[in-house]
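Reproduced below: data25.txt, with compact mmCIF, C-alpha atoms.
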```txt
# COMPACT_ATOMS: atom_id res chain seq x y z
CA MET A 1 100.88 91.99 110.83
CA CYS A 2 103.62 89.83 112.30
CA GLY A 3 101.42 88.37 114.99
CA ARG A 4 102.77 90.09 118.10
CA ALA A 5 100.98 92.51 120.40
CA SER A 6 101.39 94.11 123.83
CA VAL A 7 98.77 94.40 126.56
CA ILE A 8 99.83 96.21 129.72
CA THR A 9 96.91 98.47 130.71
CA PRO A 10 95.43 97.34 134.08
CA GLU A 11 92.00 95.70 134.15
CA ALA A 12 90.21 98.68 135.68
CA LEU A 13 91.48 101.06 133.02
CA LEU A 14 90.60 98.66 130.21
CA GLU A 15 87.09 98.39 131.61
CA LYS A 16 86.76 102.17 131.73
CA ARG A 17 88.16 102.70 128.24
CA PHE A 18 85.87 100.14 126.57
CA ASN A 19 82.86 100.50 128.89
CA ALA A 20 82.83 96.76 129.59
CA ALA A 21 83.51 94.59 132.64
CA PHE A 22 85.75 91.56 132.80
CA ALA A 23 83.66 88.40 132.70
CA LYS A 24 83.37 86.44 135.94
CA GLY A 25 86.53 84.49 136.61
CA VAL A 26 88.48 86.23 133.82
CA HIS A 27 91.66 88.06 134.74
CA LEU A 28 94.11 90.02 132.61
CA GLU A 29 97.63 88.69 132.24
CA GLU A 30 100.05 91.48 131.34
CA ASN A 31 102.16 90.46 128.37
CA VAL A 32 104.32 92.63 126.11
CA ASN A 33 104.98 89.78 123.66
CA ILE A 34 101.65 88.14 122.88
CA SER A 35 102.06 85.56 120.12
CA ALA A 36 100.14 82.61 118.73
CA GLY A 37 98.79 80.43 121.53
CA ASN A 38 98.75 83.23 124.14
CA LYS A 39 95.61 84.75 125.65
CA ILE A 40 94.52 88.21 124.52
CA PRO A 41 91.57 90.33 125.78
CA VAL A 42 88.55 90.60 123.48
CA ILE A 43 85.00 91.98 123.44
CA THR A 44 82.70 89.88 121.29
CA SER A 45 79.54 90.74 119.40
CA ALA A 46 77.73 88.11 121.49
CA MET A 47 78.86 89.66 124.83
CA PRO A 48 79.51 93.35 124.09
CA ASN A 49 79.43 94.37 127.75
CA HIS A 50 82.12 91.93 128.90
CA ILE A 51 85.84 91.51 128.37
CA GLN A 52 87.00 87.93 127.85
CA THR A 53 90.37 86.37 127.01
CA PHE A 54 90.68 84.22 123.88
CA THR A 55 93.60 82.37 122.34
CA LEU A 56 95.37 84.32 119.61
CA GLY A 57 95.31 81.86 116.71
CA TYR A 58 91.99 81.15 115.03
CA THR A 59 90.62 77.64 114.61
CA PRO A 60 87.20 77.17 112.94
CA HIS A 61 84.77 74.96 114.81
CA TRP A 62 84.86 72.30 112.07
CA ALA A 63 88.67 71.87 111.99
CA HIS A 64 90.26 68.49 112.81
CA LYS A 65 93.14 70.13 114.67
CA GLN A 66 94.02 73.49 116.13
CA THR A 67 95.60 75.71 113.48
CA TYR A 68 96.58 79.05 115.14
CA MET A 69 95.72 81.31 112.21
CA ILE A 70 96.55 84.73 113.61
CA ASN A 71 95.57 86.87 110.59
CA ALA A 72 92.60 86.95 108.23
CA ARG A 73 92.93 88.94 105.01
CA ALA A 74 89.98 91.27 104.47
CA GLU A 75 90.38 90.99 100.70
CA GLY A 76 90.79 87.22 100.80
CA SER A 77 92.30 86.02 97.51
CA TYR A 78 91.54 89.35 95.86
CA ASN A 79 94.08 92.17 95.77
CA PRO A 80 97.19 89.95 95.40
CA GLU A 81 99.26 93.10 94.84
CA ASN A 82 98.21 94.39 98.29
CA ASP A 83 97.19 97.72 96.79
CA PRO A 84 96.35 100.08 99.69
CA ALA A 85 93.80 101.83 97.46
CA TYR A 86 91.96 98.59 96.63
CA THR A 87 88.19 99.17 96.33
CA GLY A 88 86.97 95.79 95.09
CA PRO A 89 84.99 93.08 96.93
CA MET A 90 86.17 91.67 100.23
CA GLY A 91 87.01 88.01 99.72
CA ILE A 92 86.83 87.22 103.43
CA PHE A 93 83.06 86.81 102.97
CA GLN A 94 83.65 83.86 100.60
CA LYS A 95 86.59 82.15 102.33
CA PRO A 96 85.35 78.89 103.93
CA MET A 97 87.68 79.46 106.87
CA PHE A 98 86.22 82.86 107.77
CA ARG A 99 82.89 83.43 105.99
CA HIS A 100 80.74 82.43 108.97
CA ALA A 101 82.75 84.32 111.59
CA ILE A 102 83.03 87.58 109.63
CA LYS A 103 79.23 87.75 109.35
CA SER A 104 78.25 86.83 112.91
CA GLN A 105 81.29 86.38 115.18
CA ARG A 106 83.24 89.61 115.22
CA CYS A 107 85.16 91.01 118.17
CA LEU A 108 87.41 93.79 119.36
CA VAL A 109 90.97 92.72 120.20
CA LEU A 110 92.24 95.03 122.93
CA VAL A 111 95.92 96.04 122.78
CA ASP A 112 98.32 98.78 123.82
CA ALA A 113 100.58 98.27 120.80
CA PHE A 114 101.43 95.80 118.06
CA ILE A 115 104.79 94.73 116.63
CA GLU A 116 105.47 94.88 112.90
CA GLY A 117 108.52 94.30 110.75
CA PRO A 118 109.50 94.82 107.10
CA LYS A 119 108.22 92.33 104.53
CA GLN A 120 111.60 90.64 104.14
CA GLU A 121 113.26 90.98 107.57
CA LYS A 122 110.02 90.53 109.55
CA LEU A 123 110.78 90.27 113.28
CA ASN A 124 114.51 90.41 112.64
CA LYS A 125 113.87 94.17 112.36
CA PRO A 126 110.82 94.81 114.56
CA TYR A 127 109.01 98.08 115.17
CA LEU A 128 106.59 98.86 117.97
CA VAL A 129 103.45 100.61 116.65
CA TYR A 130 101.51 102.58 119.28
CA PRO A 131 99.13 105.57 119.65
CA ASN A 132 100.91 108.75 120.71
CA ARG A 133 99.82 111.51 123.11
CA ASP A 134 98.96 109.05 125.88
CA ARG A 135 95.85 107.86 124.05
CA GLY A 136 96.02 104.49 125.77
CA PRO A 137 94.73 101.12 124.54
CA PHE A 138 92.91 100.66 121.25
CA ALA A 139 91.00 97.95 119.39
CA LEU A 140 91.95 95.76 116.45
CA ALA A 141 89.17 94.16 114.41
CA GLY A 142 88.94 90.44 115.06
CA ILE A 143 86.86 87.37 114.26
CA TYR A 144 86.44 84.42 116.60
CA ASP A 145 85.20 80.86 116.83
CA THR A 146 85.06 78.05 119.38
CA TRP A 147 86.85 74.80 118.58
CA GLN A 148 86.32 71.60 120.58
CA HIS A 149 89.21 69.17 120.94
CA PRO A 150 88.03 65.87 119.41
CA LEU A 151 89.68 63.73 122.09
CA THR A 152 89.41 65.73 125.31
CA GLY A 153 86.24 67.69 124.54
CA GLU A 154 87.96 70.86 125.81
CA LEU A 155 86.62 74.08 124.30
CA HIS A 156 89.09 76.58 122.83
CA HIS A 157 87.89 80.13 122.17
CA THR A 158 90.14 81.44 119.39
CA VAL A 159 90.58 84.71 117.54
CA ALA A 160 92.22 86.06 114.36
CA ILE A 161 93.02 89.69 113.58
CA VAL A 162 91.65 91.09 110.32
CA THR A 163 94.31 92.64 108.07
CA THR A 164 94.15 95.11 105.19
CA GLY A 165 96.61 96.78 102.85
CA SER A 166 99.30 99.01 104.27
CA ASN A 167 99.05 102.68 105.22
CA ARG A 168 101.58 105.50 105.55
CA LEU A 169 102.97 104.08 108.80
CA THR A 170 103.33 100.43 107.85
CA GLN A 171 104.69 101.46 104.44
CA ARG A 172 107.42 103.42 106.21
CA ILE A 173 108.25 100.25 108.17
CA GLY A 174 108.44 98.39 104.87
CA HIS A 175 105.47 96.08 105.32
CA HIS A 176 102.76 95.42 102.74
CA ARG A 177 99.93 94.66 105.19
CA GLY A 178 98.59 95.96 108.48
CA PRO A 179 96.02 95.06 111.11
CA LEU A 180 92.62 96.73 110.93
CA VAL A 181 92.77 99.34 113.72
CA LEU A 182 89.27 100.56 114.53
CA SER A 183 88.31 104.11 115.43
CA ARG A 184 86.06 104.51 118.46
CA GLU A 185 83.06 104.95 116.20
CA GLN A 186 83.97 101.81 114.27
CA GLU A 187 84.34 99.76 117.44
CA GLU A 188 80.59 99.92 118.05
CA GLN A 189 79.86 99.28 114.39
CA TRP A 190 82.12 96.23 114.25
CA LEU A 191 80.16 94.58 117.06
CA ASP A 192 76.78 95.34 115.46
CA GLN A 193 75.47 91.98 114.25
CA ASP A 194 72.97 93.71 111.94
CA LEU A 195 75.65 95.45 109.90
CA SER A 196 75.42 94.65 106.18
CA VAL A 197 78.20 93.26 104.01
CA LYS A 198 78.46 96.65 102.31
CA GLU A 199 78.81 98.46 105.64
CA LEU A 200 81.39 95.97 106.90
CA SER A 201 83.36 96.25 103.67
CA ALA A 202 83.49 100.02 104.08
CA ILE A 203 85.22 99.55 107.45
CA MET A 204 87.82 97.09 106.17
CA LYS A 205 90.25 99.65 104.76
CA PRO A 206 93.82 100.59 105.80
CA PHE A 207 93.53 102.38 109.13
CA ASN A 208 94.15 106.10 109.52
CA SER A 209 97.72 106.35 110.81
CA LYS A 210 97.20 109.86 112.19
CA GLY A 211 97.84 109.72 115.91
CA PHE A 212 100.12 106.67 115.68
CA ASN A 213 103.87 106.34 115.59
CA ALA A 214 106.48 103.57 115.68
CA TYR A 215 110.09 102.98 116.67
CA PRO A 216 112.53 100.07 116.31
CA ILE A 217 112.95 97.60 119.18
CA SER A 218 115.26 94.66 119.83
CA GLN A 219 114.84 91.51 117.75
CA LYS A 220 114.72 89.66 121.08
CA ILE A 221 110.95 90.10 120.70
CA LYS A 222 111.11 87.36 118.06
CA ASN A 223 111.52 84.75 120.79
CA PRO A 224 107.95 83.93 121.94
CA ASP A 225 109.31 83.02 125.38
CA ALA A 226 110.86 86.47 125.84
CA ASN A 227 108.97 88.99 127.94
CA GLY A 228 109.44 92.05 130.09
CA LEU A 229 109.08 95.78 129.63
CA GLU A 230 112.67 96.16 128.38
CA LEU A 231 111.63 94.46 125.13
CA LEU A 232 109.71 97.66 124.29
CA LYS A 233 112.72 99.94 124.79
CA PRO A 234 113.58 101.91 121.62
CA ILE A 235 116.87 101.13 119.89
CA GLY A 236 116.50 103.92 117.33
CA GLU A 237 114.52 107.00 116.38
CA LYS A 238 110.76 107.19 115.88
CA LEU A 239 109.55 106.92 112.30
CA PHE A 240 107.86 110.31 112.56
CA LYS A 241 109.23 113.18 114.62
CA ASP A 242 106.99 114.27 117.49
CA TYR A 243 107.36 115.59 121.03
CA ASP A 244 105.40 112.85 122.79
CA ARG A 245 106.92 110.27 125.07
CA CYS A 246 107.32 106.88 123.46
CA LEU A 247 105.30 103.99 124.87
CA TYR A 248 108.26 102.56 126.78
CA GLU A 249 108.90 105.88 128.57
CA ARG A 250 105.24 106.21 129.54
CA LEU A 251 105.15 102.75 131.04
CA LYS A 252 108.57 102.96 132.65
CA TYR A 253 108.22 106.29 134.39
CA THR A 254 104.55 106.95 135.10
CA SER A 255 104.53 104.61 138.10
CA GLU A 256 107.07 103.80 140.78
CA ASP A 257 105.75 100.27 140.94
CA THR A 258 107.46 97.68 138.80
CA LEU A 259 105.12 96.29 136.16
CA ASN A 260 104.55 92.60 136.58
CA ILE A 261 104.99 91.04 133.15
CA ARG A 262 104.35 87.32 133.34
CA GLU A 263 106.30 85.09 130.98
CA GLU A 264 104.23 83.19 128.43
CA ARG A 265 104.99 79.93 126.66
CA LEU A 266 104.08 79.34 123.03
CA VAL A 267 101.54 76.54 122.83
CA GLU A 268 102.62 73.79 120.45
CA GLY A 269 100.79 73.71 117.15
CA ASP A 270 100.81 74.99 113.60
CA GLN A 271 101.05 78.75 113.12
CA PHE A 272 99.99 80.37 109.85
CA VAL A 273 100.42 84.08 109.08
CA LEU A 274 98.01 85.11 106.33
CA PHE A 275 99.34 88.34 104.87
```
Show the structure stored in the file as structure tokens.
Amino acid sequence: MCGRASVITPEALLEKRFNAAFAKGVHLEENVNISAGNKIPVITSAMPNHIQTFTLGYTPHWAHKQTYMINARAEGSYNPENDPAYTGPMGIFQKPMFRHAIKSQRCLVLVDAFIEGPKQEKLNKPYLVYPNRDRGPFALAGIYDTWQHPLTGELHHTVAIVTTGSNRLTQRIGHHRGPLVLSREQEEQWLDQDLSVKELSAIMKPFNSKGFNAYPISQKIKNPDANGLELLKPIGEKLFKDYDRCLYERLKYTSEDTLNIREERLVEGDQFVLF
């Protein structure tokens, strides 16, 4: 995953879809170009009935500085060939960076779409990946931790998105990895703190691309300061032919009100993409 996502669904509809209420004082900021350092809505295993907003870019609690690690490989150092059919152990359970969080600090990352690019061109040739047939927002599998700034004492709640090998859709884009998209049944399982390593490992497989599609968008999305609905406008054909409206058309024409997309600034710091 190239570390970009879109969240546009209003608060009330997100609450209805995920059967959870926004935590007190937490408000959704619409953003079609969420990148490292931006806030993204999550539901954690510790507070499964509330929606919170965490910083995209994981920092473990023991780190000396904020690191903004946006992805966490399910296989860890295993599966260097990124074989989609990999069936071996999941190295994320041994990685010092993630081994605590994957066992006890899992979360759902709520999005309307994510942006992916080919392995070589990356966001110079971006595609918007979204669920078709007006299915609405969905959940990516995430892990989280809270890091305290050593000088200011400020607490930073941070999140990384778990990635797996590619599937039919991301392969068509030309990318060797993909975020772990959870089915509705898996959403509840992912938040279950009693789930065993074996059960978790069974979930961490390339997601079923049925019901998803993608189309190319402008490389303007590469600029983390860029925002606005026009960034999601298709500049080419969908990867798979269907008769559904693309995500841009749904958002553009379902309401007469102009969507308020607030510009976001990339927070300074180191960004690492682990895929």
With all atoms listed in the file as the atoms that count, which of A:Trp147, A:Phe18, A:Trp62, A:Tyr68 lies nearest to Leu108 (chain A)? A:Phe18
Contact residues around Pro48 (chain A) with all atoms listed in the file at 12 Å, ignoring same-chain residues under 3 positions, as a PyMOL selection string: chain A and resi 15+18-23+42-45+51-52+105-108+187-193
Grab all the atoms of region 194-200 of chain A that the file lists, wrap them in a box along x, y and z, add 8 Å per side, and give me centre plus edge lengths in Å (one decimal) as AutoDock Vina command-line options.
```
--center_x 77.2 --center_y 95.9 --center_z 107.1 --size_x 24.4 --size_y 21.2 --size_z 25.6
```
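Compared by their closest atoms to Phe93 (chain A), and using all atoms listed in the file, the residues A:Asn31, A:Lys65, A:Asn132, A:Ser201 rank with A:Ser201 nearest.
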Ala141 (chain A) environment, 6 Å, all atoms listed in the file, sequence neighbours closer than 6 positions dropped, as a tab-separated table (two decimals) with C-alpha atoms, in the frame of the given file:
```tsv
chain	number	residue	atom	x	y	z
A	108	LEU	CA	87.41	93.79	119.36
A	161	ILE	CA	93.02	89.69	113.58
A	162	VAL	CA	91.65	91.09	110.32
A	180	LEU	CA	92.62	96.73	110.93
```
Residue contacts of Lys205 (chain A) (10 Å, all atoms listed in the file) excluding same-chain residues fewer than 4 positions away, as a PyMOL selection string: chain A and resi 74-75+84-87+163-167+178-182+200-201
Give me, as a ChimeraX atom specification, all polymer residues having an atom no more than 12 Å from Asn71 (chain A), counting all atoms listed in the file and skipping those fewer than 2 positions away in the same chain. /A:1-4,35-36,56-59,67-69,73-76,92,97-98,140-144,158-164,177-180,271-275
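Going from CA of Ala5 (chain A) over to CA of Ile217 (chain A), you cover 13.1 Å.
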Restricting the calculation to all atoms listed in the file: of A:Lys103, A:Lys222, A:Lys241, A:Lys252, which residue gets closest to Asn33 (chain A)? A:Lys222
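In this comparison, which uses only C-alpha atoms, the residue of A:Gly228, A:Pro234, A:Pro137, A:Pro118 approaching Glu11 (chain A) most closely is A:Pro137.
In this model, the gap between CA of Pro131 (chain A) and CA of Pro224 (chain A) comes to 23.5 Å.
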